[in-house]
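Structure record follows, encoded as structure tokens.
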Amino acid sequence: MGLVAETRQAIRDSPRGVFNWYLLMNIAIFALAGISRGFDEANIASLVVQNQFRIKFGLDQQSPDEYANTKGWIVSMFTAGMTLGCLLVAPKTIRGLLAVQFAACQQLGVVFGFFINYGITKNYDGTDMQWMFPTLIQLLPAAVWGLGLLICEESPRWLLYVGRRTQAVSVLAKLRHLPSSHPTVVAEIAVMEFQILQEREAVTGTSQWCLVKETFVPVENRRRFCLVMLSHMFSQWSGGNAITQYLPTILGYLGTSGDALSLTTGVYAVVKFTALLIFSLVVVDFVGRRRSLMAGITLQILTLSYLACYLGISRQMSTTTILHTASATRASTAAIAAIFVHGVGWVIGWFSMPFLIGSEIFPIRIRSLALSMGMAGHWLFAFGCTRATPDLLEVMDEWGAFAFFACICLVSLIYVFFAMPDTTGRSLEALDGLFQRPWYTVYQVAYAKEEDEEIEVQAMQERGKSELAMEA
């Protein structure tokens, strides 16, 4: 059963009133964070190539090397992330769908950013309005988000964590539109309290330094951490984000300019948004995460290789020559199509995989610390790649940057094949044995089998015996 079908059935089985206007308002307000981030990426990518923007801030006086350096600082410093607050207030029946919604909102923000710049460029080309209006309109989702937070409730889980149980029950009842004594509210509070108790017991009497050692010393935990950190690195350095953030610049290398350039960036964003929805809601349930990741990386390798070859061959040709040579024109069109296919490959591959893997493979005791370090690595890699891309394009004669990204993708494909398991349907106990193997042999047991279920049953029986012993 797919994610949409499972969610639909779970909604039918939920009490009436759970999906109410107040809950949906909270979710919508938090989702605006994704739109803000996506809009920011698309807007700054469009601004740095506008002549009026470059003239206004003196970028037109810089040499190509200086301009590439400045552009890298501008784009990398304007890239920021938001939290998934909507997942903390939503019923568990729709949390999986909301994780998709937040990612979709990021891509929707990219669509808005590129198309708003297209409309402004078409009507106010050559004026300061061309860069001022898109920058100013970014305040709109931020203002709605900021004001909306004033009427949103604190997360019930956080309230329980800080000892404010009465308020947590009241807030959850309000979000679910149910009485505080309703079985659904009581059960949800009990689950949250149990999880918080587990987390506290796991680290009781343990220093942060001990948790750091526990993350890196045991071989199974060290391999888990390396898998997540390398996933974040490959996700960023495969070129997916870099191409989006410098798309107008890259399309300029392919001979696109003027209104056609702005329109193409908007269509590219729509393609990525549509691919994300179709893949997340339908495809991933049928092909599995590991297979979809390998398919996405393969698409990236093929498209990046073609782009590198095209730019390497055509760099000696003028735009006029390309336009008046049939074969060169077809090759240029194919290069633009390759950009679109690359975006689809990244969406079905590395786009969300590091977050999915990280949330499933760590034991409770070290999960918080390991995920925090993983996210720190994510933003470090994102900043580094965004900052370096203009210099890569300039120093490596454009084509070399795409060849570099293709090589990174090739290395990541080899690593994924040998070292990354499909975590679907596997317990932490089953994963322990898997990560104790040499990393290059994981492919032999990459997919869940019947013995994994037996391990999970044995683990559940052991936990049951321990709980009975404690009660006795």
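Each chain in the structure tokens gets a letter, A, B and so on, in the order shown; residues start at 1 in every chain, and ligands are counted from 1 in the order they appear.
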Which polymer residues have any atom within 10 Å of an atom of stretch 404-413 of chain A, counting only C-alpha atoms, with same-chain residues fewer than 6 positions away left out, as a VMD selection string? chain A and resid 230 to 231 233 to 240 242 293 to 308 350 392 396 419 to 420
Could you write out that same residue set with N, CA and C atoms as a CSV table (one decimal), in the first residue's frame?
```
chain,number,residue,atom,x,y,z
A,230,LEU,N,28.6,10.7,5.0
A,230,LEU,CA,29.0,10.6,3.5
A,230,LEU,C,27.7,10.8,2.7
A,231,SER,N,26.6,10.4,3.2
A,231,SER,CA,25.3,10.7,2.4
A,231,SER,C,25.1,12.2,2.3
A,233,MET,N,27.4,14.5,2.4
A,233,MET,CA,28.4,15.0,1.5
A,233,MET,C,28.1,14.7,0.1
A,234,PHE,N,27.7,13.5,-0.3
A,234,PHE,CA,27.4,13.1,-1.6
A,234,PHE,C,26.2,13.9,-2.1
A,235,SER,N,25.2,14.1,-1.2
A,235,SER,CA,24.0,14.8,-1.6
A,235,SER,C,24.3,16.2,-2.1
A,236,GLN,N,25.2,16.9,-1.4
A,236,GLN,CA,25.5,18.3,-1.8
A,236,GLN,C,26.5,18.3,-2.9
A,237,TRP,N,27.5,17.5,-2.9
A,237,TRP,CA,28.6,17.6,-3.9
A,237,TRP,C,28.3,16.8,-5.2
A,238,SER,N,27.1,16.2,-5.3
A,238,SER,CA,26.6,15.6,-6.5
A,238,SER,C,26.2,16.7,-7.5
A,239,GLY,N,26.0,17.9,-7.0
A,239,GLY,CA,25.7,19.1,-7.9
A,239,GLY,C,24.2,19.4,-8.0
A,240,GLY,N,23.4,18.7,-7.3
A,240,GLY,CA,22.0,19.0,-7.3
A,240,GLY,C,21.6,20.4,-6.9
A,242,ALA,N,23.7,22.9,-6.3
A,242,ALA,CA,24.6,23.8,-7.0
A,242,ALA,C,23.9,24.2,-8.3
A,293,LEU,N,17.5,5.4,-5.1
A,293,LEU,CA,18.7,6.2,-4.9
A,293,LEU,C,19.7,5.9,-6.0
A,294,MET,N,19.9,4.6,-6.3
A,294,MET,CA,20.9,4.2,-7.3
A,294,MET,C,20.4,4.6,-8.7
A,295,ALA,N,19.1,4.6,-8.9
A,295,ALA,CA,18.6,5.0,-10.2
A,295,ALA,C,18.8,6.5,-10.4
A,296,GLY,N,18.6,7.3,-9.3
A,296,GLY,CA,18.7,8.7,-9.4
A,296,GLY,C,20.2,9.1,-9.6
A,297,ILE,N,21.1,8.4,-8.9
A,297,ILE,CA,22.6,8.7,-9.1
A,297,ILE,C,23.0,8.4,-10.6
A,298,THR,N,22.5,7.3,-11.1
A,298,THR,CA,22.8,6.9,-12.5
A,298,THR,C,22.3,8.0,-13.5
A,299,LEU,N,21.1,8.5,-13.3
A,299,LEU,CA,20.6,9.6,-14.1
A,299,LEU,C,21.6,10.8,-14.0
A,300,GLN,N,22.0,11.1,-12.8
A,300,GLN,CA,22.9,12.3,-12.6
A,300,GLN,C,24.2,12.0,-13.3
A,301,ILE,N,24.8,10.8,-13.2
A,301,ILE,CA,26.1,10.6,-13.9
A,301,ILE,C,25.9,10.8,-15.4
A,302,LEU,N,24.9,10.2,-16.0
A,302,LEU,CA,24.7,10.3,-17.5
A,302,LEU,C,24.5,11.7,-17.9
A,303,THR,N,23.7,12.5,-17.2
A,303,THR,CA,23.4,13.9,-17.6
A,303,THR,C,24.6,14.8,-17.4
A,304,LEU,N,25.3,14.6,-16.3
A,304,LEU,CA,26.5,15.4,-16.0
A,304,LEU,C,27.6,15.1,-17.0
A,305,SER,N,27.7,13.9,-17.4
A,305,SER,CA,28.7,13.5,-18.4
A,305,SER,C,28.4,14.1,-19.7
A,306,TYR,N,27.1,14.1,-20.1
A,306,TYR,CA,26.8,14.7,-21.4
A,306,TYR,C,27.0,16.2,-21.3
A,307,LEU,N,26.7,16.9,-20.2
A,307,LEU,CA,26.9,18.3,-20.1
A,307,LEU,C,28.4,18.7,-20.2
A,308,ALA,N,29.2,17.9,-19.5
A,308,ALA,CA,30.6,18.1,-19.6
A,308,ALA,C,31.2,18.0,-21.0
A,350,TRP,N,19.4,11.7,-4.1
A,350,TRP,CA,20.1,12.2,-2.9
A,350,TRP,C,19.3,13.3,-2.2
A,392,LEU,N,34.7,26.8,-9.4
A,392,LEU,CA,34.8,25.6,-10.2
A,392,LEU,C,34.5,25.9,-11.7
A,396,MET,N,37.7,25.7,-14.1
A,396,MET,CA,37.7,24.4,-14.8
A,396,MET,C,37.0,24.6,-16.2
A,419,ALA,N,27.9,-0.4,0.4
A,419,ALA,CA,27.8,-0.1,1.8
A,419,ALA,C,26.5,0.3,2.3
A,420,MET,N,25.5,0.7,1.5
A,420,MET,CA,24.3,1.2,2.0
A,420,MET,C,23.2,0.2,1.9
```
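Considering only C-alpha atoms, the residue among A:Phe30, A:Trp131, A:Tyr246, A:Phe340 positioned nearest to A:Thr386 is A:Tyr246.
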Could you pull out all residues of stretch 236-470 of chain A with a DSSP call of helix (DSSP H, G or I) and give them as number ranges by chain? A: 236-237, 240-245, 247-253, 258-287, 289-314, 319-323, 326-348, 353-361, 364-395, 399-419, 428-435, 439-445, 450-470
Of the candidates A:Cys309, A:Leu175, A:Val48, A:Ile137, which shows the shortest atom-to-atom distance to A:Cys152, using only C-alpha atoms?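 Answer, going by the shortest atom-to-atom distance: A:Leu175.
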List the spatial neighbours of stretch 183-200 of chain A as a list in words - criterion: any atom at most 7 Å away, only C-alpha atoms, same-chain residues fewer than 2 positions off excluded. Arg157, Tyr161, Leu172, Ala173, Ser180, Ser181, Ala202, Val203, Thr204, Ile364 and Arg365 of chain A
From the list A:Ala42, A:Ala31, A:Ala103, A:Ile120, the nearest residue to A:Gly148 using only C-alpha atoms is A:Ala31
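Take the candidates A:Val212, A:Leu227, A:Leu140, A:Ala338 and check each one against A:Ile243 using only C-alpha atoms; the shortest distance goes to A:Ala338.
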Selected residue, from A:Val217, A:Leu254, A:Ala33, A:Leu431, that lies nearest to A:Ala331 when counting only C-alpha atoms: A:Leu254
Can you list, as a count of residues only, every protein, DNA or RNA residue that comes within 7 Å of A:Phe418 when you count only C-alpha atoms, leaving out same-chain residues fewer than 2 positions away? 9
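Across the model, the gap from atom CA of A:Leu369 to atom CA of A:Phe355 is 14.4 Å.
Counting only C-alpha atoms, the residue from A:Ser262, A:Thr256, A:Thr166, A:Asn51 that sits nearest to A:Gly113 is A:Ser262.
Pairwise distance (atom CA of A:Phe19, atom CA of A:Cys105) equals 20.1 Å.
Coordinates place atom CA of A:Gly58 at a distance of 29.2 Å from atom CA of A:Thr320.
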